[in-house]
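Containing mmCIF, N, CA and C atoms: my_file.cif.
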data_data
loop_
_atom_site.label_atom_id
_atom_site.label_comp_id
_atom_site.auth_asym_id
_atom_site.auth_seq_id
_atom_site.Cartn_x
_atom_site.Cartn_y
_atom_site.Cartn_z
N MET X 25 9.84 13.58 -12.76
CA MET X 25 8.66 13.39 -13.58
C MET X 25 8.33 14.71 -14.22
N SER X 26 8.16 14.71 -15.50
CA SER X 26 7.84 15.93 -16.23
C SER X 26 6.39 16.31 -16.02
N SER X 27 6.15 17.60 -15.83
CA SER X 27 4.78 18.06 -15.66
C SER X 27 4.11 18.27 -17.01
N THR X 28 4.84 18.01 -18.11
CA THR X 28 4.25 18.21 -19.43
C THR X 28 3.40 17.03 -19.87
N CYS X 29 3.36 15.99 -19.10
CA CYS X 29 2.54 14.84 -19.46
C CYS X 29 1.67 14.45 -18.28
N THR X 30 0.53 15.10 -18.18
CA THR X 30 -0.43 14.78 -17.13
C THR X 30 -1.74 14.42 -17.81
N PHE X 31 -2.73 14.15 -17.03
CA PHE X 31 -4.02 13.77 -17.59
C PHE X 31 -4.54 14.86 -18.50
N GLY X 32 -4.82 14.49 -19.74
CA GLY X 32 -5.38 15.43 -20.69
C GLY X 32 -4.36 16.35 -21.33
N GLU X 33 -3.10 16.22 -21.00
CA GLU X 33 -2.06 17.06 -21.56
C GLU X 33 -0.93 16.20 -22.07
N GLY X 34 -0.10 16.76 -22.88
CA GLY X 34 1.07 16.06 -23.38
C GLY X 34 0.81 15.41 -24.72
N ILE X 35 1.87 14.95 -25.31
CA ILE X 35 1.81 14.32 -26.62
C ILE X 35 1.78 12.81 -26.41
N PRO X 36 0.71 12.14 -26.89
CA PRO X 36 0.64 10.68 -26.73
C PRO X 36 1.90 10.01 -27.28
N ASN X 37 2.37 9.03 -26.57
CA ASN X 37 3.55 8.24 -26.92
C ASN X 37 4.85 9.03 -26.91
N SER X 38 4.84 10.23 -26.35
CA SER X 38 6.09 10.98 -26.20
C SER X 38 6.89 10.31 -25.09
N PRO X 39 8.21 10.51 -25.08
CA PRO X 39 9.02 9.91 -24.02
C PRO X 39 8.53 10.28 -22.61
N GLU X 40 8.08 11.53 -22.43
CA GLU X 40 7.60 11.97 -21.12
C GLU X 40 6.35 11.19 -20.72
N CYS X 41 5.42 11.02 -21.67
CA CYS X 41 4.18 10.30 -21.37
C CYS X 41 4.44 8.82 -21.13
N ILE X 42 5.36 8.25 -21.88
CA ILE X 42 5.70 6.84 -21.69
C ILE X 42 6.33 6.64 -20.32
N ARG X 43 7.24 7.54 -19.90
CA ARG X 43 7.84 7.44 -18.56
C ARG X 43 6.78 7.60 -17.48
N HIS X 44 5.87 8.52 -17.69
CA HIS X 44 4.77 8.75 -16.74
C HIS X 44 3.94 7.47 -16.58
N GLN X 45 3.58 6.86 -17.70
CA GLN X 45 2.78 5.63 -17.67
C GLN X 45 3.56 4.49 -17.01
N GLN X 46 4.83 4.35 -17.34
CA GLN X 46 5.64 3.30 -16.74
C GLN X 46 5.78 3.48 -15.23
N ALA X 47 5.92 4.72 -14.79
CA ALA X 47 6.05 4.98 -13.36
C ALA X 47 4.77 4.59 -12.62
N ILE X 48 3.62 4.90 -13.20
CA ILE X 48 2.35 4.52 -12.58
C ILE X 48 2.21 3.00 -12.57
N GLN X 49 2.59 2.35 -13.65
CA GLN X 49 2.52 0.89 -13.70
C GLN X 49 3.45 0.26 -12.66
N ASP X 50 4.64 0.83 -12.48
CA ASP X 50 5.56 0.33 -11.45
C ASP X 50 4.95 0.45 -10.06
N ALA X 51 4.35 1.60 -9.77
CA ALA X 51 3.73 1.82 -8.46
C ALA X 51 2.58 0.85 -8.25
N LEU X 52 1.75 0.66 -9.27
CA LEU X 52 0.63 -0.26 -9.13
C LEU X 52 1.10 -1.70 -9.00
N TYR X 53 2.18 -2.05 -9.65
CA TYR X 53 2.73 -3.41 -9.54
C TYR X 53 3.11 -3.70 -8.09
N VAL X 54 3.73 -2.75 -7.43
CA VAL X 54 4.19 -2.95 -6.05
C VAL X 54 3.02 -2.90 -5.07
N LEU X 55 2.05 -2.03 -5.31
CA LEU X 55 1.00 -1.79 -4.33
C LEU X 55 -0.34 -2.42 -4.68
N SER X 56 -0.40 -3.14 -5.79
CA SER X 56 -1.68 -3.67 -6.23
C SER X 56 -2.19 -4.76 -5.30
N GLY X 57 -3.46 -5.01 -5.44
CA GLY X 57 -4.09 -6.04 -4.63
C GLY X 57 -4.95 -5.43 -3.54
N LYS X 58 -5.71 -6.28 -2.95
CA LYS X 58 -6.69 -5.86 -1.95
C LYS X 58 -6.07 -5.54 -0.59
N TRP X 59 -4.90 -6.10 -0.30
CA TRP X 59 -4.42 -6.09 1.08
C TRP X 59 -3.21 -5.24 1.38
N LYS X 60 -2.37 -4.93 0.40
CA LYS X 60 -1.10 -4.27 0.71
C LYS X 60 -1.29 -2.92 1.41
N LEU X 61 -2.13 -2.08 0.87
CA LEU X 61 -2.33 -0.76 1.50
C LEU X 61 -2.98 -0.87 2.87
N PRO X 62 -4.00 -1.70 3.06
CA PRO X 62 -4.53 -1.86 4.42
C PRO X 62 -3.49 -2.40 5.42
N ILE X 63 -2.60 -3.28 4.97
CA ILE X 63 -1.54 -3.78 5.84
C ILE X 63 -0.60 -2.64 6.22
N LEU X 64 -0.22 -1.83 5.25
CA LEU X 64 0.67 -0.71 5.53
C LEU X 64 0.01 0.29 6.49
N LEU X 65 -1.29 0.50 6.33
CA LEU X 65 -2.02 1.37 7.25
C LEU X 65 -2.03 0.78 8.66
N ALA X 66 -2.23 -0.53 8.77
CA ALA X 66 -2.22 -1.19 10.09
C ALA X 66 -0.86 -1.03 10.75
N LEU X 67 0.21 -1.19 9.99
CA LEU X 67 1.55 -1.01 10.53
C LEU X 67 1.76 0.44 10.98
N ALA X 68 1.30 1.38 10.19
CA ALA X 68 1.45 2.80 10.54
C ALA X 68 0.68 3.14 11.81
N GLN X 69 -0.39 2.39 12.10
CA GLN X 69 -1.19 2.62 13.30
C GLN X 69 -0.63 1.90 14.52
N GLY X 70 0.49 1.20 14.34
CA GLY X 70 1.15 0.57 15.48
C GLY X 70 0.89 -0.91 15.66
N HIS X 71 0.17 -1.53 14.76
CA HIS X 71 -0.05 -2.98 14.83
C HIS X 71 1.19 -3.66 14.25
N THR X 72 1.90 -4.41 15.09
CA THR X 72 3.17 -4.97 14.64
C THR X 72 3.21 -6.49 14.64
N ARG X 73 2.33 -7.14 15.38
CA ARG X 73 2.32 -8.60 15.43
C ARG X 73 1.40 -9.14 14.36
N PHE X 74 1.68 -10.35 13.90
CA PHE X 74 0.92 -10.98 12.82
C PHE X 74 -0.58 -10.97 13.10
N GLY X 75 -0.97 -11.42 14.29
CA GLY X 75 -2.38 -11.47 14.64
C GLY X 75 -3.02 -10.10 14.72
N GLU X 76 -2.28 -9.14 15.26
CA GLU X 76 -2.79 -7.76 15.35
C GLU X 76 -3.04 -7.19 13.96
N ILE X 77 -2.09 -7.43 13.07
CA ILE X 77 -2.23 -6.92 11.69
C ILE X 77 -3.44 -7.56 11.03
N GLY X 78 -3.59 -8.87 11.20
CA GLY X 78 -4.73 -9.57 10.62
C GLY X 78 -6.06 -9.03 11.12
N LYS X 79 -6.16 -8.77 12.43
CA LYS X 79 -7.40 -8.23 12.99
C LYS X 79 -7.65 -6.81 12.50
N ALA X 80 -6.61 -6.00 12.42
CA ALA X 80 -6.76 -4.62 11.98
C ALA X 80 -7.19 -4.53 10.51
N VAL X 81 -6.71 -5.47 9.71
CA VAL X 81 -7.01 -5.46 8.28
C VAL X 81 -8.40 -6.00 8.01
N GLY X 82 -8.80 -7.03 8.72
CA GLY X 82 -10.13 -7.60 8.50
C GLY X 82 -10.06 -9.04 8.05
N ALA X 83 -10.92 -9.40 7.14
CA ALA X 83 -11.11 -10.80 6.75
C ALA X 83 -10.03 -11.27 5.78
N ILE X 84 -8.80 -11.31 6.25
CA ILE X 84 -7.69 -11.79 5.43
C ILE X 84 -7.26 -13.16 5.95
N ALA X 85 -7.07 -14.09 5.05
CA ALA X 85 -6.61 -15.43 5.44
C ALA X 85 -5.15 -15.35 5.90
N PRO X 86 -4.77 -16.11 6.92
CA PRO X 86 -3.39 -16.08 7.41
C PRO X 86 -2.36 -16.33 6.30
N LYS X 87 -2.66 -17.26 5.41
CA LYS X 87 -1.72 -17.56 4.32
C LYS X 87 -1.53 -16.34 3.42
N VAL X 88 -2.62 -15.63 3.13
CA VAL X 88 -2.54 -14.44 2.29
C VAL X 88 -1.79 -13.33 3.01
N LEU X 89 -2.06 -13.16 4.31
CA LEU X 89 -1.35 -12.15 5.09
C LEU X 89 0.14 -12.43 5.08
N SER X 90 0.51 -13.68 5.27
CA SER X 90 1.92 -14.06 5.25
C SER X 90 2.57 -13.73 3.91
N GLN X 91 1.88 -14.05 2.82
CA GLN X 91 2.41 -13.76 1.48
C GLN X 91 2.57 -12.26 1.25
N GLU X 92 1.56 -11.50 1.66
CA GLU X 92 1.61 -10.05 1.45
C GLU X 92 2.71 -9.41 2.29
N LEU X 93 2.90 -9.88 3.52
CA LEU X 93 3.97 -9.36 4.35
C LEU X 93 5.33 -9.64 3.71
N LYS X 94 5.50 -10.81 3.12
CA LYS X 94 6.77 -11.13 2.44
C LYS X 94 7.02 -10.20 1.27
N VAL X 95 5.98 -9.94 0.48
CA VAL X 95 6.12 -9.05 -0.67
C VAL X 95 6.46 -7.63 -0.21
N LEU X 96 5.78 -7.16 0.83
CA LEU X 96 6.06 -5.82 1.35
C LEU X 96 7.49 -5.74 1.91
N GLU X 97 7.95 -6.82 2.52
CA GLU X 97 9.33 -6.85 3.02
C GLU X 97 10.32 -6.83 1.86
N GLN X 98 10.06 -7.61 0.83
CA GLN X 98 10.94 -7.65 -0.35
C GLN X 98 11.04 -6.28 -1.02
N ASN X 99 9.97 -5.50 -0.95
CA ASN X 99 9.96 -4.19 -1.58
C ASN X 99 10.41 -3.07 -0.64
N GLY X 100 10.85 -3.43 0.56
CA GLY X 100 11.46 -2.47 1.47
C GLY X 100 10.50 -1.65 2.31
N PHE X 101 9.22 -2.07 2.40
CA PHE X 101 8.25 -1.31 3.16
C PHE X 101 8.18 -1.71 4.63
N LEU X 102 8.69 -2.87 4.96
CA LEU X 102 8.68 -3.32 6.34
C LEU X 102 9.86 -4.23 6.61
N THR X 103 10.15 -4.37 7.88
CA THR X 103 11.22 -5.26 8.33
C THR X 103 10.61 -6.30 9.25
N ARG X 104 10.94 -7.56 9.01
CA ARG X 104 10.49 -8.66 9.86
C ARG X 104 11.52 -8.83 10.97
N VAL X 105 11.07 -8.76 12.21
CA VAL X 105 11.96 -8.86 13.36
C VAL X 105 11.61 -10.11 14.15
N VAL X 106 12.60 -11.00 14.30
CA VAL X 106 12.41 -12.22 15.09
C VAL X 106 13.02 -11.97 16.47
N HIS X 107 12.18 -12.06 17.49
CA HIS X 107 12.61 -11.80 18.87
C HIS X 107 13.12 -13.09 19.51
N ASP X 108 14.18 -12.97 20.25
CA ASP X 108 14.80 -14.13 20.90
C ASP X 108 14.06 -14.44 22.20
N THR X 109 12.87 -15.02 22.04
CA THR X 109 12.04 -15.39 23.18
C THR X 109 11.58 -16.83 23.00
N PHE X 110 10.99 -17.36 24.04
CA PHE X 110 10.37 -18.68 23.93
C PHE X 110 8.92 -18.56 24.35
N PRO X 111 7.98 -18.87 23.52
CA PRO X 111 8.19 -19.20 22.11
C PRO X 111 8.66 -17.98 21.31
N VAL X 112 9.21 -18.26 20.16
CA VAL X 112 9.73 -17.20 19.30
C VAL X 112 8.60 -16.27 18.92
N GLN X 113 8.85 -14.98 19.01
CA GLN X 113 7.87 -13.97 18.60
C GLN X 113 8.42 -13.22 17.40
N VAL X 114 7.51 -12.87 16.49
CA VAL X 114 7.87 -12.13 15.30
C VAL X 114 7.05 -10.85 15.27
N SER X 115 7.69 -9.76 14.93
CA SER X 115 6.96 -8.51 14.73
C SER X 115 7.38 -7.91 13.40
N TYR X 116 6.59 -6.99 12.93
CA TYR X 116 6.84 -6.32 11.66
C TYR X 116 6.91 -4.83 11.91
N GLN X 117 7.95 -4.20 11.44
CA GLN X 117 8.16 -2.77 11.66
C GLN X 117 8.17 -2.05 10.32
N PRO X 118 7.41 -0.96 10.21
CA PRO X 118 7.47 -0.19 8.96
C PRO X 118 8.85 0.46 8.84
N THR X 119 9.35 0.54 7.64
CA THR X 119 10.65 1.16 7.40
C THR X 119 10.46 2.65 7.12
N ALA X 120 11.56 3.37 7.13
CA ALA X 120 11.51 4.79 6.77
C ALA X 120 11.00 4.95 5.33
N TYR X 121 11.33 3.99 4.48
CA TYR X 121 10.87 4.04 3.09
C TYR X 121 9.35 3.98 3.00
N SER X 122 8.72 3.26 3.91
CA SER X 122 7.25 3.17 3.87
C SER X 122 6.61 4.53 4.09
N GLN X 123 7.31 5.42 4.77
CA GLN X 123 6.76 6.76 5.02
C GLN X 123 6.65 7.58 3.74
N THR X 124 7.37 7.18 2.69
CA THR X 124 7.25 7.90 1.41
C THR X 124 5.87 7.70 0.80
N LEU X 125 5.12 6.71 1.29
CA LEU X 125 3.77 6.47 0.79
C LEU X 125 2.72 7.33 1.49
N HIS X 126 3.06 8.00 2.57
CA HIS X 126 2.07 8.77 3.32
C HIS X 126 1.34 9.79 2.46
N PRO X 127 2.02 10.58 1.61
CA PRO X 127 1.27 11.52 0.76
C PRO X 127 0.34 10.80 -0.23
N VAL X 128 0.76 9.65 -0.70
CA VAL X 128 -0.08 8.86 -1.62
C VAL X 128 -1.32 8.38 -0.88
N LEU X 129 -1.15 7.87 0.33
CA LEU X 129 -2.28 7.37 1.11
C LEU X 129 -3.23 8.51 1.50
N GLU X 130 -2.67 9.67 1.81
CA GLU X 130 -3.52 10.83 2.12
C GLU X 130 -4.34 11.22 0.90
N ALA X 131 -3.70 11.24 -0.28
CA ALA X 131 -4.42 11.59 -1.51
C ALA X 131 -5.50 10.57 -1.81
N LEU X 132 -5.21 9.28 -1.62
CA LEU X 132 -6.22 8.24 -1.84
C LEU X 132 -7.37 8.38 -0.85
N SER X 133 -7.07 8.70 0.38
CA SER X 133 -8.10 8.88 1.39
C SER X 133 -9.00 10.06 1.03
N ASP X 134 -8.39 11.16 0.63
CA ASP X 134 -9.18 12.34 0.24
C ASP X 134 -10.08 12.02 -0.96
N TRP X 135 -9.51 11.36 -1.95
CA TRP X 135 -10.29 11.01 -3.14
C TRP X 135 -11.41 10.03 -2.76
N GLY X 136 -11.10 9.05 -1.94
CA GLY X 136 -12.11 8.08 -1.51
C GLY X 136 -13.27 8.73 -0.77
N THR X 137 -12.97 9.70 0.07
CA THR X 137 -14.01 10.44 0.79
C THR X 137 -14.90 11.19 -0.20
N GLN X 138 -14.28 11.87 -1.15
CA GLN X 138 -15.05 12.61 -2.16
C GLN X 138 -15.89 11.67 -3.02
N HIS X 139 -15.31 10.55 -3.39
CA HIS X 139 -16.01 9.59 -4.24
C HIS X 139 -17.22 9.01 -3.50
N ARG X 140 -17.02 8.64 -2.24
CA ARG X 140 -18.13 8.08 -1.46
C ARG X 140 -19.27 9.09 -1.35
N ALA X 141 -18.93 10.36 -1.09
CA ALA X 141 -19.95 11.40 -0.99
C ALA X 141 -20.69 11.55 -2.32
N ARG X 142 -19.96 11.50 -3.41
CA ARG X 142 -20.56 11.62 -4.74
C ARG X 142 -21.52 10.45 -5.02
N VAL X 143 -21.09 9.25 -4.71
CA VAL X 143 -21.91 8.08 -4.92
C VAL X 143 -23.16 8.14 -4.05
N MET X 144 -22.98 8.53 -2.81
CA MET X 144 -24.14 8.62 -1.90
C MET X 144 -25.15 9.67 -2.37
N GLN X 145 -24.66 10.76 -2.93
CA GLN X 145 -25.57 11.77 -3.48
C GLN X 145 -26.38 11.20 -4.65
N GLN X 146 -25.73 10.39 -5.47
CA GLN X 146 -26.41 9.80 -6.62
C GLN X 146 -27.46 8.79 -6.19
N VAL X 147 -27.20 8.10 -5.09
CA VAL X 147 -28.13 7.09 -4.59
C VAL X 147 -29.36 7.75 -4.00
N LEU X 148 -29.18 8.84 -3.31
CA LEU X 148 -30.29 9.53 -2.66
C LEU X 148 -31.02 10.34 -3.64
#
Output the structure of this file as structure tokens.
Amino acid sequence: MSSTCTFGEGIPNSPECIRHQQAIQDALYVLSGKWKLPILLALAQGHTRFGEIGKAVGAIAPKVLSQELKVLEQNGFLTRVVHDTFPVQVSYQPTAYSQTLHPVLEALSDWGTQHRARVMQQVL
């Protein structure tokens, strides 16, 4: 990624800026929605079973959780493991690729903390 096209810099519609915009759109396409990042955080915290993930995430419908887990698996962020037990048990394991999101999640957390403080200052 070229550093010549960042916020407030670069030539509009230049190849560097277009690549920058496309890369952000690609990331948002994969991670968009209300649940994907909270699910990834739950997995990173050690919640591996469907019910555990649902409880850790909050008010998510089972059908939605199932859909989101499939999308995350398709994009290589987790692996679905079927255990040979009776009854059959399923767990979800974060992949090494999911760890590439840790700096992104840290940056989002930092920004969210700053934003909340800013909003609270405005309210008071």
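Among the residues of chain X, backbone DSSP assigns strand (DSSP E) to Leu102, Thr103, Arg104, Val105, Val106, His107, Gln113, Val114, Ser115, Tyr116, Gln117 and Pro118 of chain X.
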- With only C-alpha atoms as the atoms that count, which of X:Thr137, X:Gln45, X:Thr124, X:Gln117 lies nearest to X:Ile63?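 Closest residue, counting only C-alpha atoms: X:Gln117.
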- What is the atom N of X:Glu92-atom C of X:Ala120 distance in Å, reported with one decimal? 19.3 Å
- Task: Work out how far atom CA of X:Ser56 is from atom CA of X:Gly70, in Å to one decimal.
- Result: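 For atom CA of X:Gly70 relative to atom CA of X:Ser56, the distance reads 22.3 Å.
The residue that comes closest to X:Leu96, out of X:Val54, X:Ile48, X:Ile42, X:Val147 and on the basis of all atoms listed in the file, is X:Val54.
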- Please return as a ChimeraX atom specification: the residues of chain X that backbone DSSP assigns to helix (DSSP H, G or I). /X:39-55,60-68,74-81,86-98,120-147
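A straight line drawn from atom CA of X:Gln98 to atom N of X:Val128 is 20.1 Å long.
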- Query: Could you tell me, as a VMD selection string, which residues have any atom at most 7 Å from (1.1, -6.1, 5.4), counting only N, CA and C atoms?
  - Reply: chain X and resid 59 to 64 67 89 92 to 94 96
- Evaluate the PyMOL selection byres (((chain X and resi 125 and name CA) around 12) and name CA) here and jot the selected residues down as a VMD selection string. chain X and resid 51 54 to 55 60 to 61 64 to 65 68 100 to 101 118 to 124 126 to 132
Can I get stretch 73-84 of chain X with all heavy atoms filled in, as a compact mmCIF listing (two decimals), keeping the file's coordinate frame?
# COMPACT_ATOMS: atom_id res chain seq x y z
N ARG X 73 2.33 -7.14 15.38
CA ARG X 73 2.32 -8.60 15.43
C ARG X 73 1.40 -9.14 14.36
O ARG X 73 0.42 -8.51 13.96
CB ARG X 73 1.87 -9.07 16.83
CG ARG X 73 2.72 -8.55 18.00
CD ARG X 73 4.03 -9.29 18.19
NE ARG X 73 3.86 -10.72 18.24
CZ ARG X 73 3.49 -11.42 19.31
NH1 ARG X 73 3.23 -10.81 20.45
NH2 ARG X 73 3.35 -12.72 19.24
N PHE X 74 1.68 -10.35 13.90
CA PHE X 74 0.92 -10.98 12.82
C PHE X 74 -0.58 -10.97 13.10
O PHE X 74 -1.37 -10.54 12.27
CB PHE X 74 1.43 -12.42 12.63
CG PHE X 74 0.86 -13.11 11.43
CD1 PHE X 74 1.48 -13.01 10.20
CD2 PHE X 74 -0.28 -13.90 11.54
CE1 PHE X 74 0.96 -13.66 9.10
CE2 PHE X 74 -0.81 -14.54 10.44
CZ PHE X 74 -0.18 -14.43 9.21
N GLY X 75 -0.97 -11.42 14.29
CA GLY X 75 -2.38 -11.47 14.64
C GLY X 75 -3.02 -10.10 14.72
O GLY X 75 -4.16 -9.91 14.30
N GLU X 76 -2.28 -9.14 15.26
CA GLU X 76 -2.79 -7.76 15.35
C GLU X 76 -3.04 -7.19 13.96
O GLU X 76 -4.05 -6.53 13.72
CB GLU X 76 -1.77 -6.85 16.06
CG GLU X 76 -1.55 -7.12 17.51
CD GLU X 76 -0.43 -6.26 18.07
OE1 GLU X 76 0.32 -5.62 17.29
OE2 GLU X 76 -0.27 -6.23 19.30
N ILE X 77 -2.09 -7.43 13.07
CA ILE X 77 -2.23 -6.92 11.69
C ILE X 77 -3.44 -7.56 11.03
O ILE X 77 -4.25 -6.87 10.41
CB ILE X 77 -0.94 -7.20 10.88
CG1 ILE X 77 0.24 -6.43 11.48
CG2 ILE X 77 -1.15 -6.82 9.41
CD1 ILE X 77 1.59 -6.85 10.95
N GLY X 78 -3.59 -8.87 11.20
CA GLY X 78 -4.73 -9.57 10.62
C GLY X 78 -6.06 -9.03 11.12
O GLY X 78 -6.99 -8.82 10.34
N LYS X 79 -6.16 -8.77 12.43
CA LYS X 79 -7.40 -8.23 12.99
C LYS X 79 -7.65 -6.81 12.50
O LYS X 79 -8.79 -6.43 12.21
CB LYS X 79 -7.34 -8.24 14.52
CG LYS X 79 -7.51 -9.62 15.11
CD LYS X 79 -7.38 -9.59 16.62
CE LYS X 79 -7.38 -11.01 17.18
NZ LYS X 79 -7.08 -11.04 18.61
N ALA X 80 -6.61 -6.00 12.42
CA ALA X 80 -6.76 -4.62 11.98
C ALA X 80 -7.19 -4.53 10.51
O ALA X 80 -7.97 -3.66 10.14
CB ALA X 80 -5.45 -3.85 12.18
N VAL X 81 -6.71 -5.47 9.71
CA VAL X 81 -7.01 -5.46 8.28
C VAL X 81 -8.40 -6.00 8.01
O VAL X 81 -9.11 -5.50 7.13
CB VAL X 81 -5.93 -6.26 7.51
CG1 VAL X 81 -6.33 -6.52 6.09
CG2 VAL X 81 -4.60 -5.52 7.56
N GLY X 82 -8.80 -7.03 8.72
CA GLY X 82 -10.13 -7.60 8.50
C GLY X 82 -10.06 -9.04 8.05
O GLY X 82 -9.20 -9.79 8.49
N ALA X 83 -10.92 -9.40 7.14
CA ALA X 83 -11.11 -10.80 6.75
C ALA X 83 -10.03 -11.27 5.78
O ALA X 83 -10.30 -11.63 4.64
CB ALA X 83 -12.49 -10.98 6.13
N ILE X 84 -8.80 -11.31 6.25
CA ILE X 84 -7.69 -11.79 5.43
C ILE X 84 -7.26 -13.16 5.95
O ILE X 84 -7.12 -13.36 7.17
CB ILE X 84 -6.51 -10.79 5.43
CG1 ILE X 84 -5.39 -11.25 4.48
CG2 ILE X 84 -5.99 -10.54 6.83
CD1 ILE X 84 -4.31 -10.21 4.27
